[in-house]
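Asker: What follows is entry_22.pdb, made up of PDB, C-alpha atoms:
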```
MODEL        1
ATOM      1  CA  MET A   1     -48.825  -7.344 -26.616
ATOM      2  CA  ILE A   2     -45.265  -6.238 -25.892
ATOM      3  CA  LEU A   3     -42.771  -9.053 -25.438
ATOM      4  CA  THR A   4     -39.812  -8.426 -23.159
ATOM      5  CA  ALA A   5     -36.595 -10.396 -23.339
ATOM      6  CA  ILE A   6     -36.041 -12.852 -20.510
ATOM      7  CA  SER A   7     -32.599 -12.583 -18.954
ATOM      8  CA  PRO A   8     -30.653 -15.841 -18.591
ATOM      9  CA  LEU A   9     -30.021 -14.754 -14.994
ATOM     10  CA  GLU A  10     -33.702 -15.096 -14.084
ATOM     11  CA  LYS A  11     -33.168 -18.833 -13.571
ATOM     12  CA  PHE A  12     -31.151 -17.900 -10.488
ATOM     13  CA  GLY A  13     -33.711 -15.398  -9.174
ATOM     14  CA  LEU A  14     -36.341 -13.228 -10.822
ATOM     15  CA  THR A  15     -34.990 -10.039  -9.257
ATOM     16  CA  SER A  16     -31.645  -8.640  -8.162
ATOM     17  CA  GLN A  17     -32.663  -9.164  -4.546
ATOM     18  CA  GLU A  18     -33.521 -12.827  -5.113
ATOM     19  CA  ARG A  19     -30.282 -13.517  -6.971
ATOM     20  CA  VAL A  20     -28.149 -11.870  -4.309
ATOM     21  CA  GLU A  21     -29.924 -13.681  -1.481
ATOM     22  CA  ASN A  22     -29.647 -17.019  -3.289
ATOM     23  CA  ALA A  23     -25.937 -16.360  -3.806
ATOM     24  CA  LEU A  24     -25.486 -15.482  -0.125
ATOM     25  CA  LYS A  25     -27.103 -18.776   0.920
ATOM     26  CA  HIS A  26     -24.801 -20.640  -1.456
ATOM     27  CA  LEU A  27     -21.729 -18.958   0.038
ATOM     28  CA  GLN A  28     -22.930 -19.565   3.595
ATOM     29  CA  ASN A  29     -23.233 -23.259   2.710
ATOM     30  CA  GLY A  30     -19.644 -23.350   1.459
ATOM     31  CA  LYS A  31     -20.551 -23.384  -2.229
ATOM     32  CA  GLY A  32     -19.318 -21.207  -5.073
ATOM     33  CA  ILE A  33     -21.033 -18.575  -7.192
ATOM     34  CA  LEU A  34     -20.407 -16.940 -10.564
ATOM     35  CA  LEU A  35     -20.297 -13.154 -10.806
ATOM     36  CA  THR A  36     -20.732 -11.365 -14.140
ATOM     37  CA  ASP A  37     -20.079  -7.775 -15.061
ATOM     38  CA  ASP A  38     -21.526  -5.505 -17.729
ATOM     39  CA  GLU A  39     -21.199  -6.533 -21.377
ATOM     40  CA  ASN A  40     -19.576  -3.137 -22.017
ATOM     41  CA  ARG A  41     -16.938  -3.771 -19.353
ATOM     42  CA  GLU A  42     -14.983  -7.064 -19.242
ATOM     43  CA  ASN A  43     -18.146  -9.027 -20.134
ATOM     44  CA  GLU A  44     -16.826 -12.016 -18.201
ATOM     45  CA  GLY A  45     -17.804 -14.244 -15.310
ATOM     46  CA  ASP A  46     -15.633 -15.049 -12.324
ATOM     47  CA  LEU A  47     -15.915 -18.227 -10.270
ATOM     48  CA  ILE A  48     -15.864 -17.185  -6.611
ATOM     49  CA  PHE A  49     -15.520 -18.989  -3.279
ATOM     50  CA  SER A  50     -14.983 -17.906   0.295
ATOM     51  CA  ALA A  51     -11.275 -18.100   1.075
ATOM     52  CA  HIS A  52     -12.184 -19.766   4.371
ATOM     53  CA  THR A  53     -14.401 -22.582   3.082
ATOM     54  CA  MET A  54     -12.949 -23.300  -0.372
ATOM     55  CA  SER A  55     -11.825 -26.933  -0.637
ATOM     56  CA  VAL A  56      -8.965 -28.508  -2.560
ATOM     57  CA  GLN A  57     -11.599 -29.969  -4.910
ATOM     58  CA  ASP A  58     -13.022 -26.474  -5.471
ATOM     59  CA  MET A  59      -9.540 -25.205  -6.281
ATOM     60  CA  ALA A  60      -8.940 -28.093  -8.690
ATOM     61  CA  LEU A  61     -12.167 -27.157 -10.501
ATOM     62  CA  MET A  62     -11.074 -23.524 -10.634
ATOM     63  CA  ILE A  63      -7.645 -24.381 -12.041
ATOM     64  CA  LYS A  64      -9.141 -26.723 -14.642
ATOM     65  CA  GLU A  65     -12.025 -24.551 -15.842
ATOM     66  CA  CYS A  66     -10.703 -21.026 -15.376
ATOM     67  CA  SER A  67      -7.802 -18.881 -16.547
ATOM     68  CA  GLY A  68      -5.301 -20.120 -13.961
ATOM     69  CA  ILE A  69      -4.773 -16.639 -12.521
ATOM     70  CA  VAL A  70      -6.148 -17.454  -9.073
ATOM     71  CA  CYS A  71      -6.744 -14.250  -7.124
ATOM     72  CA  LEU A  72      -7.269 -13.602  -3.428
ATOM     73  CA  CYS A  73      -9.533 -10.601  -2.843
ATOM     74  CA  LEU A  74      -8.637  -8.645   0.288
ATOM     75  CA  THR A  75      -9.803  -5.534   2.077
ATOM     76  CA  ASN A  76      -7.224  -2.767   2.209
ATOM     77  CA  GLU A  77      -7.002  -3.339   5.959
ATOM     78  CA  LYS A  78      -6.069  -6.999   5.451
ATOM     79  CA  ALA A  79      -3.610  -6.206   2.661
ATOM     80  CA  ASP A  80      -1.938  -3.641   4.920
ATOM     81  CA  GLN A  81      -1.775  -6.236   7.715
ATOM     82  CA  LEU A  82       0.084  -8.530   5.306
ATOM     83  CA  GLN A  83       2.255  -5.653   4.032
ATOM     84  CA  LEU A  84       1.205  -6.217   0.435
ATOM     85  CA  PRO A  85       1.940  -3.171  -1.720
ATOM     86  CA  TYR A  86       0.431  -2.719  -5.164
ATOM     87  CA  MET A  87       2.294  -4.587  -7.902
ATOM     88  CA  VAL A  88       3.154  -1.287  -9.628
ATOM     89  CA  GLN A  89       3.236   2.332  -8.476
ATOM     90  CA  GLU A  90       1.342   3.544 -11.555
ATOM     91  CA  ASN A  91      -1.540   1.293 -12.621
ATOM     92  CA  THR A  92      -2.123   1.769 -16.353
ATOM     93  CA  SER A  93      -4.302  -1.315 -16.890
ATOM     94  CA  HIS A  94      -7.610  -0.648 -18.646
ATOM     95  CA  PHE A  95      -9.810  -1.490 -15.660
ATOM     96  CA  GLN A  96      -7.320  -0.510 -12.944
ATOM     97  CA  THR A  97      -7.137  -4.111 -11.693
ATOM     98  CA  PRO A  98      -5.688  -3.704  -8.172
ATOM     99  CA  PHE A  99      -3.019  -6.430  -8.094
ATOM    100  CA  THR A 100      -0.506  -6.526  -5.266
ATOM    101  CA  ILE A 101       2.743  -8.456  -5.362
ATOM    102  CA  THR A 102       2.136 -12.205  -5.588
ATOM    103  CA  ILE A 103       2.424 -14.512  -2.589
ATOM    104  CA  GLU A 104       3.140 -18.052  -1.398
ATOM    105  CA  ALA A 105       2.842 -19.638   2.026
ATOM    106  CA  LYS A 106       6.272 -19.932   3.632
ATOM    107  CA  ASN A 107       5.408 -23.277   5.175
ATOM    108  CA  GLY A 108       3.360 -26.276   4.092
ATOM    109  CA  VAL A 109       3.831 -26.004   0.324
ATOM    110  CA  THR A 110       6.192 -27.526  -2.225
ATOM    111  CA  THR A 111       6.150 -25.749  -5.602
ATOM    112  CA  GLY A 112       3.091 -23.710  -4.648
ATOM    113  CA  VAL A 113       1.282 -24.647  -7.866
ATOM    114  CA  SER A 114      -0.876 -27.634  -6.895
ATOM    115  CA  ALA A 115      -4.470 -27.173  -5.799
ATOM    116  CA  ALA A 116      -3.526 -28.166  -2.245
ATOM    117  CA  ASP A 117      -0.583 -25.746  -2.173
ATOM    118  CA  ARG A 118      -2.711 -22.863  -3.433
ATOM    119  CA  ILE A 119      -5.310 -23.568  -0.751
ATOM    120  CA  THR A 120      -2.542 -23.587   1.863
ATOM    121  CA  THR A 121      -1.323 -20.185   0.671
ATOM    122  CA  ILE A 122      -4.861 -18.779   0.677
ATOM    123  CA  ARG A 123      -5.613 -20.118   4.166
ATOM    124  CA  THR A 124      -2.307 -18.749   5.452
ATOM    125  CA  ALA A 125      -2.967 -15.262   4.090
ATOM    126  CA  ALA A 126      -6.655 -15.205   5.061
ATOM    127  CA  ALA A 127      -6.113 -16.326   8.656
ATOM    128  CA  GLN A 128      -7.176 -13.735  11.209
ATOM    129  CA  ASN A 129      -3.714 -13.675  12.795
ATOM    130  CA  ALA A 130      -1.845 -13.754   9.463
ATOM    131  CA  GLN A 131       1.384 -11.777   9.314
ATOM    132  CA  ALA A 132       3.647 -10.679   6.494
ATOM    133  CA  SER A 133       6.313 -13.051   7.820
ATOM    134  CA  HIS A 134       4.025 -16.026   7.087
ATOM    135  CA  LEU A 135       4.256 -15.352   3.342
ATOM    136  CA  ALA A 136       6.960 -15.584   0.697
ATOM    137  CA  ARG A 137       6.988 -13.235  -2.292
ATOM    138  CA  PRO A 138       6.630 -13.720  -5.229
ATOM    139  CA  GLY A 139       4.329 -16.726  -5.471
ATOM    140  CA  HIS A 140       1.443 -18.321  -7.337
ATOM    141  CA  ILE A 141      -1.500 -16.516  -5.706
ATOM    142  CA  PHE A 142      -2.435 -13.038  -6.933
ATOM    143  CA  PRO A 143      -3.889 -10.831  -4.179
ATOM    144  CA  LEU A 144      -6.232  -7.990  -5.132
ATOM    145  CA  ARG A 145      -7.069  -4.945  -3.007
ATOM    146  CA  ALA A 146     -10.790  -4.116  -2.939
ATOM    147  CA  LYS A 147     -11.897  -0.498  -2.704
ATOM    148  CA  ASN A 148     -13.180   0.404   0.754
ATOM    149  CA  ASN A 149     -16.780   1.030  -0.358
ATOM    150  CA  GLY A 150     -16.972  -2.006  -2.616
ATOM    151  CA  VAL A 151     -19.053  -1.913  -5.786
ATOM    152  CA  LEU A 152     -20.359   1.538  -4.882
ATOM    153  CA  GLU A 153     -16.803   2.793  -5.431
ATOM    154  CA  ARG A 154     -15.612   0.456  -8.216
ATOM    155  CA  ASN A 155     -17.836  -1.958 -10.152
ATOM    156  CA  GLY A 156     -15.256  -4.719 -10.332
ATOM    157  CA  HIS A 157     -15.266  -8.431  -9.550
ATOM    158  CA  THR A 158     -12.810  -7.783  -6.709
ATOM    159  CA  GLU A 159     -15.211  -5.455  -4.936
ATOM    160  CA  GLY A 160     -18.228  -7.617  -5.752
ATOM    161  CA  SER A 161     -16.552 -10.648  -4.200
ATOM    162  CA  VAL A 162     -15.689  -8.912  -0.940
ATOM    163  CA  ASP A 163     -19.140  -7.292  -0.790
ATOM    164  CA  LEU A 164     -20.819 -10.696  -1.107
ATOM    165  CA  MET A 165     -18.729 -12.152   1.719
ATOM    166  CA  LYS A 166     -19.626  -9.236   3.980
ATOM    167  CA  LEU A 167     -23.324  -9.416   3.079
ATOM    168  CA  ALA A 168     -23.250 -13.164   3.811
ATOM    169  CA  GLY A 169     -21.828 -12.522   7.277
ATOM    170  CA  LEU A 170     -18.583 -14.274   6.343
ATOM    171  CA  GLN A 171     -15.023 -13.088   6.708
ATOM    172  CA  PRO A 172     -14.336 -10.797   3.723
ATOM    173  CA  GLU A 173     -11.540 -12.704   1.988
ATOM    174  CA  ALA A 174     -12.628 -14.288  -1.321
ATOM    175  CA  VAL A 175     -11.002 -16.295  -4.104
ATOM    176  CA  LEU A 176     -11.805 -15.668  -7.763
ATOM    177  CA  CYS A 177     -10.720 -16.674 -11.237
ATOM    178  CA  GLU A 178     -12.126 -15.864 -14.700
ATOM    179  CA  LEU A 179     -14.142 -18.664 -16.314
ATOM    180  CA  MET A 180     -12.860 -19.866 -19.701
ATOM    181  CA  ASN A 181     -14.184 -22.059 -22.493
ATOM    182  CA  GLU A 182     -12.417 -25.241 -23.600
ATOM    183  CA  ASP A 183     -11.054 -23.463 -26.689
ATOM    184  CA  GLY A 184      -9.305 -20.854 -24.554
ATOM    185  CA  THR A 185     -11.774 -18.027 -25.142
ATOM    186  CA  MET A 186     -13.381 -16.225 -22.247
ATOM    187  CA  SER A 187     -16.821 -17.469 -21.220
ATOM    188  CA  LYS A 188     -19.728 -15.136 -21.952
ATOM    189  CA  LEU A 189     -23.148 -15.138 -20.315
ATOM    190  CA  ASN A 190     -24.700 -18.179 -22.024
ATOM    191  CA  ASP A 191     -21.519 -20.208 -21.395
ATOM    192  CA  ILE A 192     -21.486 -19.059 -17.775
ATOM    193  CA  VAL A 193     -25.105 -20.112 -17.237
ATOM    194  CA  ARG A 194     -24.446 -23.562 -18.750
ATOM    195  CA  PHE A 195     -21.440 -24.030 -16.475
ATOM    196  CA  ALA A 196     -23.475 -22.948 -13.451
ATOM    197  CA  ASN A 197     -26.265 -25.380 -14.273
ATOM    198  CA  HIS A 198     -23.769 -28.235 -14.554
ATOM    199  CA  HIS A 199     -21.991 -27.453 -11.275
ATOM    200  CA  ASP A 200     -24.929 -26.250  -9.123
ATOM    201  CA  LEU A 201     -23.766 -22.642  -8.915
ATOM    202  CA  ILE A 202     -25.670 -19.365  -8.633
ATOM    203  CA  VAL A 203     -25.046 -16.642 -11.225
ATOM    204  CA  LEU A 204     -25.565 -12.972 -10.464
ATOM    205  CA  SER A 205     -24.232  -9.653 -11.707
ATOM    206  CA  ILE A 206     -22.277  -6.820 -10.148
ATOM    207  CA  GLU A 207     -25.327  -4.657 -10.904
ATOM    208  CA  ASP A 208     -27.375  -6.985  -8.676
ATOM    209  CA  ILE A 209     -25.017  -6.338  -5.760
ATOM    210  CA  THR A 210     -25.106  -2.583  -6.366
ATOM    211  CA  TYR A 211     -28.919  -2.623  -6.334
ATOM    212  CA  TYR A 212     -29.012  -4.777  -3.202
ATOM    213  CA  ARG A 213     -26.657  -2.525  -1.271
ATOM    214  CA  LYS A 214     -28.465   0.641  -2.319
ATOM    215  CA  PHE A 215     -32.079  -0.431  -1.937
ATOM    216  CA  VAL A 216     -32.321  -3.610   0.169
ATOM    217  CA  ARG A 217     -29.577  -3.991   2.764
ATOM    218  CA  ASP A 218     -26.022  -2.854   3.247
ATOM    219  CA  TYR A 219     -23.264  -4.198   5.459
ATOM    220  CA  ILE A 220     -21.964  -0.803   6.585
TER     221      ILE A 220
ENDMDL
END
```
Rewrite the coordinates I just gave you, this time as structure tokens.
Answerer:
Amino acid sequence: MILTAISPLEKFGLTSQERVENALKHLQNGKGILLTDDENRENEGDLIFSAHTMSVQDMALMIKECSGIVCLCLTNEKADQLQLPYMVQENTSHFQTPFTITIEAKNGVTTGVSAADRITTIRTAAAQNAQASHLARPGHIFPLRAKNNGVLERNGHTEGSVDLMKLAGLQPEAVLCELMNEDGTMSKLNDIVRFANHHDLIVLSIEDITYYRKFVRDYI
């Protein structure tokens, strides 16, 4: 008898399709998910919420348990609407992380650092009628520009986040931050699964989203 290893992700769905669909239900219900990438890439998990349903309590959890670099994932169309250029002209980072200049809401915030202030900035930027004039630069939120064809163009957390929002029928803006351990190291898969179990989150991989878009259902 041949024994096959059981993936820790199977708790959240036995197949890629099940995991994606469970994650979509979570997002539609205003909950968060955890998205992992390949162990040969960053080998990390990002905590992700819809920018439109994320609560102050969700943000407080993200600030406490994650790296503190809270990112707002945007389509290129939205980033252009907000007049957010890339942070640098030549991106030499290892994974070509698509940061724009940082932002803050012009109104309704104090220092911009608190959980409530960060939610205000995110809501301001994600609003359908948002304009560049509604934002100050620099600030404490780090926007990211997702590639137009999502994970089929770049297998990053940025693209995975926006893809999930679109597949869930939500507005595409998403908030993410890398999960960390208490000792300051980055959380790996077993740590990510434990965190998810404790906080009622779904874990899935970028590969799951790629499979789902190719073989089950796409949003385009």
Asker: For CA of Gly184 in chain A and CA of Val162 in chain A, quote the distance in Å rounded to one decimal.
Answerer: 27.2 Å
Asker: Find the spatial neighbours of range 19-21 of chain A, counting all atoms listed in the file, within a cut-off of 7 Å - ignore same-chain residues fewer than 3 positions away - and output them as a list of chain:residue names.
Answerer: A:Phe12, A:Gly13, A:Thr15, A:Ser16, A:Leu24, A:Lys25, A:Leu204, A:Asp208, A:Ile209
Asker: Name the residues that the PyMOL selection byres ((chain A and resi 46) around 10) pulls out of this structure, and write them as a list in words.
Answerer: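 Going through the file, the PyMOL selection byres ((chain A and resi 46) around 10) ends up selecting Ile33, Leu34, Leu35, Thr36, Asp37, Glu44, Gly45, Leu47, Ile48, Phe49, Met62, Cys66, Ser67, His157, Thr158, Ser161, Val175, Leu176, Cys177, Glu178, Leu179, Met180, Ser187, Ile192 and Val203 of chain A.
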Asker: For Gly156 in chain A, which residue among A:Glu104, A:Thr97, A:Val70, A:Ile220 is the nearest when counting only C-alpha atoms?
Answerer: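 Ranking A:Glu104, A:Thr97, A:Val70, A:Ile220 by distance to Gly156 in chain A, first place goes to A:Thr97.
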Asker: Nearest to Pro85 in chain A among A:Leu144, A:Val109, A:Ala127, A:Ile63, with distances taken over all atoms listed in the file: which residue is it?
Answerer: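 Under the stated criterion, the closest residue is A:Leu144.
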Asker: Ala146 in chain A: which residues within 10 Å, counting all atoms listed in the file, same-chain residues fewer than 5 positions away excluded, as an MDAnalysis selection string?
Answerer: chainID A and resid 73:77 79 97:99 151 153:154 156:163 173
